[in-house]
>>> print(open('input17.cif').read())   # mmCIF, C-alpha atoms
data_input
#
loop_
_atom_site.label_atom_id
_atom_site.label_comp_id
_atom_site.auth_asym_id
_atom_site.auth_seq_id
_atom_site.Cartn_x
_atom_site.Cartn_y
_atom_site.Cartn_z
CA MET C 2 -17.37 12.17 30.68
CA MET C 3 -18.10 9.01 32.69
CA PRO C 4 -19.79 6.17 30.75
CA MET C 5 -23.38 5.52 31.73
CA ARG C 6 -24.01 2.48 33.90
CA PRO C 7 -26.50 -0.27 33.05
CA LEU C 8 -29.87 -0.08 34.74
CA LEU C 9 -29.43 -2.98 37.17
CA LEU C 10 -30.94 -4.15 40.44
CA ARG C 11 -30.31 -7.69 41.66
CA ILE C 12 -32.14 -9.22 44.60
CA GLY C 13 -30.74 -12.31 46.29
CA VAL C 14 -32.61 -14.73 48.52
CA THR C 15 -31.68 -17.01 51.39
CA GLY C 16 -34.00 -18.84 53.74
CA HIS C 17 -35.07 -22.04 55.40
CA ARG C 18 -36.16 -25.18 53.68
CA THR C 19 -39.46 -26.84 54.53
CA GLU C 20 -39.29 -29.87 56.79
CA PRO C 21 -40.64 -33.24 55.55
CA ASP C 22 -44.34 -33.66 56.38
CA ASP C 23 -43.78 -36.98 58.14
CA LEU C 24 -41.49 -35.57 60.83
CA LEU C 25 -42.91 -35.46 64.34
CA ALA C 26 -43.06 -32.08 66.08
CA GLU C 27 -40.20 -32.97 68.44
CA GLU C 28 -38.01 -33.89 65.45
CA ARG C 29 -38.52 -30.63 63.60
CA LYS C 30 -35.76 -28.03 63.65
CA ARG C 31 -38.29 -25.20 63.51
CA SER C 32 -42.04 -24.63 63.57
CA VAL C 33 -44.32 -25.26 60.60
CA PRO C 34 -44.56 -21.96 58.67
CA ASP C 35 -47.68 -20.11 57.60
CA ILE C 36 -46.81 -20.35 53.91
CA PRO C 37 -49.67 -18.12 52.57
CA ALA C 38 -48.67 -15.37 55.04
CA ILE C 39 -45.00 -15.69 54.07
CA ARG C 40 -45.86 -15.52 50.38
CA ALA C 41 -47.99 -12.41 50.98
CA ALA C 42 -45.03 -10.73 52.70
CA ILE C 43 -42.72 -11.79 49.86
CA ARG C 44 -45.09 -10.21 47.32
CA GLU C 45 -45.24 -7.01 49.35
CA VAL C 46 -41.45 -6.68 49.54
CA LEU C 47 -40.88 -7.57 45.88
CA ASP C 48 -43.64 -5.25 44.67
CA GLU C 49 -42.16 -2.37 46.69
CA ILE C 50 -38.77 -3.09 45.10
CA ARG C 51 -40.34 -3.15 41.63
CA VAL C 52 -42.19 0.14 42.19
CA VAL C 53 -39.12 1.96 43.48
CA PHE C 54 -36.99 0.54 40.67
CA LYS C 55 -39.40 2.07 38.16
CA GLN C 56 -39.33 5.39 40.06
CA VAL C 57 -35.53 5.56 39.89
CA ALA C 58 -35.54 4.64 36.20
CA GLY C 59 -38.16 7.29 35.46
CA ALA C 60 -36.59 10.08 37.51
CA LYS C 61 -32.91 9.37 36.74
CA GLY C 62 -33.07 7.57 33.41
CA GLU C 63 -30.53 9.93 31.86
CA LEU C 64 -27.87 8.48 34.18
CA PHE C 65 -28.30 4.92 32.90
CA ASP C 66 -27.63 3.07 29.68
CA ILE C 67 -31.19 1.91 29.02
CA ASN C 68 -31.89 -0.29 26.01
CA PRO C 69 -35.40 0.60 24.81
CA SER C 70 -35.80 -2.79 23.12
CA THR C 71 -35.50 -4.67 26.43
CA TYR C 72 -36.82 -2.17 28.97
CA SER C 73 -40.40 -2.87 30.07
CA GLN C 74 -42.82 -1.74 32.76
CA HIS C 75 -41.24 -4.30 35.10
CA GLY C 76 -37.65 -3.38 34.33
CA GLY C 77 -37.04 -5.81 31.48
CA ASP C 78 -33.78 -7.70 31.82
CA THR C 79 -32.48 -5.38 34.55
CA LEU C 80 -34.58 -6.35 37.58
CA SER C 81 -33.54 -9.81 38.68
CA LEU C 82 -33.98 -12.36 41.45
CA ILE C 83 -31.03 -14.64 42.27
CA SER C 84 -31.92 -17.95 43.93
CA SER C 85 -30.55 -21.43 44.52
CA LEU C 86 -34.10 -22.81 44.03
CA ALA C 87 -33.95 -24.87 47.25
CA SER C 88 -37.28 -26.11 48.60
CA GLY C 89 -39.14 -23.65 50.80
CA ALA C 90 -38.05 -20.01 50.92
CA ASP C 91 -35.87 -19.98 47.79
CA GLN C 92 -38.64 -21.41 45.63
CA TRP C 93 -41.37 -19.21 47.15
CA VAL C 94 -39.43 -16.01 46.46
CA ALA C 95 -38.42 -17.10 42.96
CA ASP C 96 -42.01 -17.97 42.06
CA GLU C 97 -43.42 -14.67 43.34
CA ALA C 98 -40.65 -12.69 41.62
CA ILE C 99 -41.40 -14.24 38.24
CA LYS C 100 -45.08 -13.35 38.64
CA LEU C 101 -44.06 -9.70 39.14
CA GLY C 102 -41.87 -9.62 36.04
CA PHE C 103 -38.43 -10.21 37.56
CA GLU C 104 -35.94 -12.27 35.60
CA LEU C 105 -34.64 -15.34 37.42
CA TYR C 106 -30.93 -16.12 37.79
CA SER C 107 -30.48 -19.59 39.27
CA VAL C 108 -27.26 -20.51 41.06
CA LEU C 109 -27.10 -24.24 41.89
CA PRO C 110 -24.70 -25.98 44.32
CA PHE C 111 -24.32 -28.97 41.97
CA GLY C 112 -25.10 -29.87 38.40
CA ARG C 113 -28.84 -29.59 37.80
CA ASP C 114 -29.43 -33.36 37.62
CA GLU C 115 -27.47 -34.05 40.80
CA TYR C 116 -29.25 -31.21 42.60
CA LEU C 117 -32.62 -32.72 41.66
CA LYS C 118 -31.80 -35.54 44.09
CA ASP C 119 -31.97 -33.00 46.95
CA PHE C 120 -35.75 -32.74 46.55
CA THR C 121 -37.42 -35.56 48.46
CA ALA C 122 -40.93 -34.12 48.03
CA GLU C 123 -42.38 -34.54 44.55
CA ALA C 124 -44.00 -31.09 44.62
CA ASP C 125 -40.66 -29.44 45.43
CA ALA C 126 -38.93 -31.37 42.64
CA ARG C 127 -41.59 -30.27 40.14
CA CYS C 128 -41.28 -26.66 41.26
CA TYR C 129 -37.48 -26.84 40.90
CA LEU C 130 -37.72 -28.15 37.34
CA ASP C 131 -40.35 -25.55 36.44
CA LEU C 132 -38.20 -22.70 37.82
CA LEU C 133 -35.20 -23.98 35.88
CA LEU C 134 -37.23 -23.70 32.68
CA LYS C 135 -38.15 -20.11 33.59
CA SER C 136 -34.58 -19.07 34.46
CA THR C 137 -32.80 -16.56 32.25
CA THR C 138 -29.39 -17.74 33.46
CA ILE C 139 -28.35 -20.96 35.25
CA LEU C 140 -25.00 -21.28 36.99
CA GLU C 141 -24.10 -24.82 38.09
CA LEU C 142 -21.35 -25.03 40.72
CA ASP C 143 -19.20 -28.12 41.26
CA GLY C 144 -20.23 -28.96 44.83
CA ASN C 145 -19.26 -32.23 46.46
CA VAL C 146 -21.59 -35.16 47.08
CA GLY C 147 -20.35 -38.21 48.99
CA ILE C 148 -21.73 -41.43 50.41
CA ASP C 149 -22.22 -42.01 54.15
CA LYS C 150 -21.52 -45.24 56.07
CA THR C 151 -24.97 -46.61 55.25
CA GLY C 152 -24.51 -46.00 51.53
CA LYS C 153 -26.82 -43.00 51.36
CA ARG C 154 -26.14 -39.87 49.36
CA LYS C 155 -24.48 -37.19 51.54
CA PRO C 156 -23.98 -33.69 50.08
CA ASP C 157 -21.16 -31.66 51.63
CA ASN C 158 -22.61 -28.71 53.62
CA ARG C 159 -19.78 -26.55 52.30
CA SER C 160 -21.38 -26.83 48.86
CA TYR C 161 -24.45 -24.99 50.21
CA GLU C 162 -22.21 -22.43 51.89
CA THR C 163 -20.44 -21.83 48.58
CA VAL C 164 -23.71 -21.30 46.71
CA GLY C 165 -24.92 -18.87 49.40
CA LEU C 166 -21.73 -16.83 49.16
CA GLU C 167 -21.87 -16.92 45.37
CA ILE C 168 -25.39 -15.48 45.48
CA LEU C 169 -24.18 -12.70 47.80
CA ARG C 170 -21.35 -11.87 45.39
CA ARG C 171 -23.98 -11.00 42.78
CA THR C 172 -26.55 -9.35 45.08
CA ASP C 173 -27.48 -5.72 45.74
CA LEU C 174 -30.16 -6.44 48.36
CA LEU C 175 -30.91 -9.72 50.14
CA ILE C 176 -34.34 -11.08 51.06
CA THR C 177 -34.31 -13.66 53.85
CA ILE C 178 -37.05 -15.91 55.23
CA TRP C 179 -35.43 -16.64 58.59
CA ASP C 180 -36.27 -17.68 62.16
CA GLY C 181 -33.65 -15.30 63.57
CA GLU C 182 -31.51 -18.09 65.02
CA ASP C 183 -27.84 -18.78 64.36
CA ALA C 184 -27.05 -21.12 61.47
CA GLN C 185 -27.21 -24.86 62.25
CA GLY C 186 -24.31 -25.63 59.92
CA ALA C 187 -22.10 -24.26 57.15
CA GLY C 188 -24.12 -22.19 54.71
CA GLY C 189 -27.14 -21.83 57.01
CA THR C 190 -29.47 -18.86 56.69
CA GLY C 191 -28.11 -17.10 59.78
CA GLN C 192 -24.58 -17.25 58.41
CA ILE C 193 -25.54 -15.87 55.00
CA VAL C 194 -27.50 -12.99 56.58
CA ARG C 195 -24.48 -11.99 58.68
CA GLU C 196 -22.15 -12.32 55.69
CA ALA C 197 -24.43 -10.01 53.72
CA LEU C 198 -24.47 -7.29 56.39
CA GLN C 199 -20.72 -7.58 56.99
CA ASN C 200 -20.14 -7.10 53.27
CA GLY C 201 -22.34 -4.05 52.83
CA ILE C 202 -25.52 -5.72 51.55
CA PRO C 203 -28.81 -4.58 53.13
CA VAL C 204 -31.25 -7.30 54.20
CA ALA C 205 -35.06 -7.45 54.08
CA TRP C 206 -36.09 -9.99 56.73
CA ILE C 207 -39.42 -11.81 56.64
CA PRO C 208 -39.62 -13.70 59.97
CA TRP C 209 -40.31 -17.43 59.58
CA THR C 210 -42.75 -17.53 62.50
CA SER C 211 -44.39 -14.09 62.23
CA PRO C 212 -44.27 -12.96 58.59
CA GLY C 213 -46.93 -10.28 58.99
CA LYS C 214 -44.30 -7.60 59.62
CA TRP C 215 -41.09 -7.65 57.65
CA LEU C 216 -37.98 -5.80 58.80
CA LEU C 217 -34.86 -4.19 57.37
CA GLY C 218 -31.25 -4.50 58.42
CA GLN C 219 -28.64 -2.09 57.11
CA PRO C 220 -24.87 -2.56 56.95
CA PRO C 221 -22.20 -2.17 57.99
CA LEU C 222 -22.19 -4.82 60.71
CA ASN C 223 -18.97 -5.13 62.68
CA LYS C 224 -17.59 -8.67 62.50
CA ASN C 225 -17.46 -8.76 66.31
CA GLU C 226 -21.12 -7.83 66.77
CA LYS C 227 -23.38 -10.73 67.73
CA THR C 228 -26.74 -9.02 67.24
CA VAL C 229 -28.28 -7.19 64.31
CA ASP C 230 -30.73 -4.30 64.59
CA PHE C 231 -33.66 -4.66 62.19
CA PHE C 232 -36.29 -1.98 61.69
CA GLY C 233 -39.59 -1.86 59.82
CA GLY C 234 -40.87 0.56 57.22
CA ASN C 235 -41.42 0.64 53.46
CA GLU C 236 -39.94 4.13 53.32
CA ARG C 237 -36.58 2.83 54.49
CA LEU C 238 -36.62 0.17 51.76
CA SER C 239 -37.27 2.90 49.21
CA GLU C 240 -34.32 4.92 50.52
CA ILE C 241 -32.05 1.88 50.39
CA ILE C 242 -32.93 1.11 46.77
CA TRP C 243 -32.30 4.72 45.72
CA LYS C 244 -28.87 4.58 47.36
CA ILE C 245 -28.04 1.26 45.70
CA MET C 246 -29.03 2.35 42.21
CA LEU C 247 -27.59 5.84 42.03
CA PRO C 248 -24.04 6.14 40.64
CA LEU C 249 -22.58 7.02 44.05
CA ASN C 250 -22.53 3.27 44.69
CA GLU C 251 -20.91 2.42 41.37
CA ASP C 252 -18.77 -0.39 42.81
CA HIS C 253 -21.69 -2.15 44.47
CA HIS C 254 -23.08 -4.00 41.46
CA ALA C 255 -21.77 -7.33 40.22
CA ILE C 256 -22.00 -8.51 36.60
CA PHE C 257 -22.93 -12.04 35.63
#
>>> encode(input="input17.cif", output="structure tokens")
Amino acid sequence: MMPMRPLLLRIGVTGHRTEPDDLLAEERKRSVPDIPAIRAAIREVLDEIRVVFKQVAGAKGELFDINPSTYSQHGGDTLSLISSLASGADQWVADEAIKLGFELYSVLPFGRDEYLKDFTAEADARCYLDLLLKSTTILELDGNVGIDKTGKRKPDNRSYETVGLEILRRTDLLITIWDGEDAQGAGGTGQIVREALQNGIPVAWIPWTSPGKWLLGQPPLNKNEKTVDFFGGNERLSEIIWKIMLPLNEDHHAIF
């Protein structure tokens, strides 16, 4: 008799950071986002995940090792959001997930005090510290931070790439807030999305510029393919979650 598996579903997030308010339009890498619309789409995706998670647990509970003392209407300690807590998308998704009862697993590119220096906006820094306090687990990686020729702090982009890949290693389904463009550097959103699809992780994409309609991308993606086909539909998200959670995909889940 096979041992029962834990009741687990882990949602990762990758996405763009917000640009400083004082940048001129021609200096911005991307357009100013409609943050309320993006947050509404995030809530819709996360709530659909939560609802389907509960459906699987209710219909197939006998297949899982469920601890009654920790299981709740939201999934207790088994429904989790994994985020690096960067300003912008990572913080928005983490905040909305907590409101819906997800547990928060924070994976940081540097030690928490060093990472705090990344946040130039006071509001983003406060949000980061608040999310740290609400995290169930915090993993601090040993990323590199140097000094440039002018004496300013200069984090190594590979540290952000490492944290993105570490999040994927622990993720069943990835949410991305993305403009659809290729990554601008190591660890960029476009790179992490492609890495997810190439490694068998489905992606829920909320477009940065038009968040009213979110889309789904399903693996596998051939490493030589340059484009990804994304489709809409809540029903497809439901099907994906059922496939992830049922024991046929036993090797798909990672353990912290």
>>> residues_around(input="input17.cif", residues="Trp179 in chain C", least_positions_apart="2", cutoff="7 Å", atoms="only C-alpha atoms", output="PyMOL selection string")
chain C and resi 16-17+177+181+190+206-209
>>> resolve_selection(input="input17.cif", expression="the PyMOL selection byres ((chain C and resi 140) around 8)", output="short mmCIF file (atom, residue, chain, number, x, y, z; two decimals) with C-alpha atoms, in the frame of the given file")
data_model
loop_
_atom_site.label_atom_id
_atom_site.label_comp_id
_atom_site.auth_asym_id
_atom_site.auth_seq_id
_atom_site.Cartn_x
_atom_site.Cartn_y
_atom_site.Cartn_z
CA TYR C 106 -30.93 -16.12 37.79
CA SER C 107 -30.48 -19.59 39.27
CA VAL C 108 -27.26 -20.51 41.06
CA LEU C 109 -27.10 -24.24 41.89
CA THR C 138 -29.39 -17.74 33.46
CA ILE C 139 -28.35 -20.96 35.25
CA GLU C 141 -24.10 -24.82 38.09
CA LEU C 142 -21.35 -25.03 40.72
#
>>> closest_residue(input="input17.cif", among="C:Asp66, C:Asp180, C:Leu175, C:Pro212", to="Asn200 in chain C", atoms="only C-alpha atoms")
C:Leu175
>>> resolve_selection(input="input17.cif", expression="the PyMOL selection byres ((chain C and resi 38) around 12)", output="short mmCIF file (atom, residue, chain, number, x, y, z; two decimals) with C-alpha atoms, in the coordinates of the input")
data_model
loop_
_atom_site.label_atom_id
_atom_site.label_comp_id
_atom_site.auth_asym_id
_atom_site.auth_seq_id
_atom_site.Cartn_x
_atom_site.Cartn_y
_atom_site.Cartn_z
CA PRO C 34 -44.56 -21.96 58.67
CA ASP C 35 -47.68 -20.11 57.60
CA ILE C 36 -46.81 -20.35 53.91
CA PRO C 37 -49.67 -18.12 52.57
CA ILE C 39 -45.00 -15.69 54.07
CA ARG C 40 -45.86 -15.52 50.38
CA ALA C 41 -47.99 -12.41 50.98
CA ALA C 42 -45.03 -10.73 52.70
CA ILE C 43 -42.72 -11.79 49.86
CA ARG C 44 -45.09 -10.21 47.32
CA GLU C 45 -45.24 -7.01 49.35
CA TRP C 93 -41.37 -19.21 47.15
CA ILE C 178 -37.05 -15.91 55.23
CA ILE C 207 -39.42 -11.81 56.64
CA PRO C 208 -39.62 -13.70 59.97
CA TRP C 209 -40.31 -17.43 59.58
CA THR C 210 -42.75 -17.53 62.50
CA SER C 211 -44.39 -14.09 62.23
CA PRO C 212 -44.27 -12.96 58.59
CA GLY C 213 -46.93 -10.28 58.99
CA LYS C 214 -44.30 -7.60 59.62
CA TRP C 215 -41.09 -7.65 57.65
#
>>> residues_around(input="input17.cif", residues="Ala205 in chain C", least_positions_apart="3", cutoff="6 Å", atoms="only C-alpha atoms", output="ChimeraX atom specification")
/C:176,216-217
>>> closest_residue(input="input17.cif", among="C:Phe120, C:Ala58, C:Ser85, C:Pro110", to="Thr19 in chain C", atoms="only C-alpha atoms")
C:Phe120
>>> resolve_selection(input="input17.cif", expression="the PyMOL selection byres ((chain C and resi 49-51) around 12)", output="PDB file with C-alpha atoms, in the coordinates of the input")
ATOM      1  CA  LEU C   9     -29.430  -2.980  37.170  1.00  0.00           C
ATOM      2  CA  LEU C  10     -30.940  -4.150  40.440  1.00  0.00           C
ATOM      3  CA  ARG C  11     -30.310  -7.690  41.660  1.00  0.00           C
ATOM      4  CA  ILE C  12     -32.140  -9.220  44.600  1.00  0.00           C
ATOM      5  CA  ALA C  42     -45.030 -10.730  52.700  1.00  0.00           C
ATOM      6  CA  ILE C  43     -42.720 -11.790  49.860  1.00  0.00           C
ATOM      7  CA  ARG C  44     -45.090 -10.210  47.320  1.00  0.00           C
ATOM      8  CA  GLU C  45     -45.240  -7.010  49.350  1.00  0.00           C
ATOM      9  CA  VAL C  46     -41.450  -6.680  49.540  1.00  0.00           C
ATOM     10  CA  LEU C  47     -40.880  -7.570  45.880  1.00  0.00           C
ATOM     11  CA  ASP C  48     -43.640  -5.250  44.670  1.00  0.00           C
ATOM     12  CA  VAL C  52     -42.190   0.140  42.190  1.00  0.00           C
ATOM     13  CA  VAL C  53     -39.120   1.960  43.480  1.00  0.00           C
ATOM     14  CA  PHE C  54     -36.990   0.540  40.670  1.00  0.00           C
ATOM     15  CA  LYS C  55     -39.400   2.070  38.160  1.00  0.00           C
ATOM     16  CA  GLN C  56     -39.330   5.390  40.060  1.00  0.00           C
ATOM     17  CA  VAL C  57     -35.530   5.560  39.890  1.00  0.00           C
ATOM     18  CA  ALA C  58     -35.540   4.640  36.200  1.00  0.00           C
ATOM     19  CA  SER C  73     -40.400  -2.870  30.070  1.00  0.00           C
ATOM     20  CA  GLN C  74     -42.820  -1.740  32.760  1.00  0.00           C
ATOM     21  CA  HIS C  75     -41.240  -4.300  35.100  1.00  0.00           C
ATOM     22  CA  GLY C  76     -37.650  -3.380  34.330  1.00  0.00           C
ATOM     23  CA  GLY C  77     -37.040  -5.810  31.480  1.00  0.00           C
ATOM     24  CA  THR C  79     -32.480  -5.380  34.550  1.00  0.00           C
ATOM     25  CA  LEU C  80     -34.580  -6.350  37.580  1.00  0.00           C
ATOM     26  CA  SER C  81     -33.540  -9.810  38.680  1.00  0.00           C
ATOM     27  CA  LEU C  82     -33.980 -12.360  41.450  1.00  0.00           C
ATOM     28  CA  ALA C  98     -40.650 -12.690  41.620  1.00  0.00           C
ATOM     29  CA  ILE C  99     -41.400 -14.240  38.240  1.00  0.00           C
ATOM     30  CA  LYS C 100     -45.080 -13.350  38.640  1.00  0.00           C
ATOM     31  CA  LEU C 101     -44.060  -9.700  39.140  1.00  0.00           C
ATOM     32  CA  GLY C 102     -41.870  -9.620  36.040  1.00  0.00           C
ATOM     33  CA  PHE C 103     -38.430 -10.210  37.560  1.00  0.00           C
ATOM     34  CA  GLU C 104     -35.940 -12.270  35.600  1.00  0.00           C
ATOM     35  CA  ASP C 173     -27.480  -5.720  45.740  1.00  0.00           C
ATOM     36  CA  LEU C 174     -30.160  -6.440  48.360  1.00  0.00           C
ATOM     37  CA  LEU C 175     -30.910  -9.720  50.140  1.00  0.00           C
ATOM     38  CA  ILE C 176     -34.340 -11.080  51.060  1.00  0.00           C
ATOM     39  CA  ALA C 205     -35.060  -7.450  54.080  1.00  0.00           C
ATOM     40  CA  GLY C 234     -40.870   0.560  57.220  1.00  0.00           C
ATOM     41  CA  ASN C 235     -41.420   0.640  53.460  1.00  0.00           C
ATOM     42  CA  GLU C 236     -39.940   4.130  53.320  1.00  0.00           C
ATOM     43  CA  ARG C 237     -36.580   2.830  54.490  1.00  0.00           C
ATOM     44  CA  LEU C 238     -36.620   0.170  51.760  1.00  0.00           C
ATOM     45  CA  SER C 239     -37.270   2.900  49.210  1.00  0.00           C
ATOM     46  CA  GLU C 240     -34.320   4.920  50.520  1.00  0.00           C
ATOM     47  CA  ILE C 241     -32.050   1.880  50.390  1.00  0.00           C
ATOM     48  CA  ILE C 242     -32.930   1.110  46.770  1.00  0.00           C
ATOM     49  CA  TRP C 243     -32.300   4.720  45.720  1.00  0.00           C
ATOM     50  CA  ILE C 245     -28.040   1.260  45.700  1.00  0.00           C
ATOM     51  CA  MET C 246     -29.030   2.350  42.210  1.00  0.00           C
TER      52      MET C 246
END
>>> atom_distance(input="input17.cif", atom1="CA of Thr151 in chain C", atom2="CA of Ala87 in chain C")
24.8 Å
>>> atom_distance(input="input17.cif", atom1="CA of Gly112 in chain C", atom2="CA of Ala126 in chain C")
14.5 Å
>>> closest_residue(input="input17.cif", among="C:Gly152, C:Gly218, C:Gly144, C:Gly89", to="Ala122 in chain C", atoms="only C-alpha atoms")
C:Gly89
>>> atom_distance(input="input17.cif", atom1="CA of Thr137 in chain C", atom2="CA of Asp114 in chain C")
18.0 Å
>>> residues_around(input="input17.cif", residues="Leu132 in chain C", least_positions_apart="2", cutoff="10 Å", atoms="all atoms listed in the file", output="list of chain:residue names")
C:Ser84, C:Leu86, C:Gln92, C:Ala95, C:Asp96, C:Ile99, C:Leu105, C:Tyr106, C:Ser107, C:Ala126, C:Arg127, C:Cys128, C:Tyr129, C:Leu130, C:Leu134, C:Lys135, C:Ser136, C:Thr137
>>> closest_residue(input="input17.cif", among="C:Glu63, C:Asp183, C:Gln219, C:Lys118", to="Lys153 in chain C", atoms="only C-alpha atoms")
C:Lys118
>>> residues_near_point(input="input17.cif", point="(-22.8, -5.8, 54.0)", cutoff="10 Å", atoms="all atoms listed in the file", output="ChimeraX atom specification")
/C:169,173-175,194-204,218-223
>>> residues_near_point(input="input17.cif", point="(-21.0, -28.1, 52.2)", cutoff="8 Å", atoms="all atoms listed in the file", output="number ranges by chain")
C: 144-145, 156-163, 187-188
>>> residues_around(input="input17.cif", residues="Glu182 in chain C", least_positions_apart="5", cutoff="10 Å", atoms="only C-alpha atoms", output="list in words")
Arg31, Gly189, Thr190, Gly191 and Gln192 of chain C
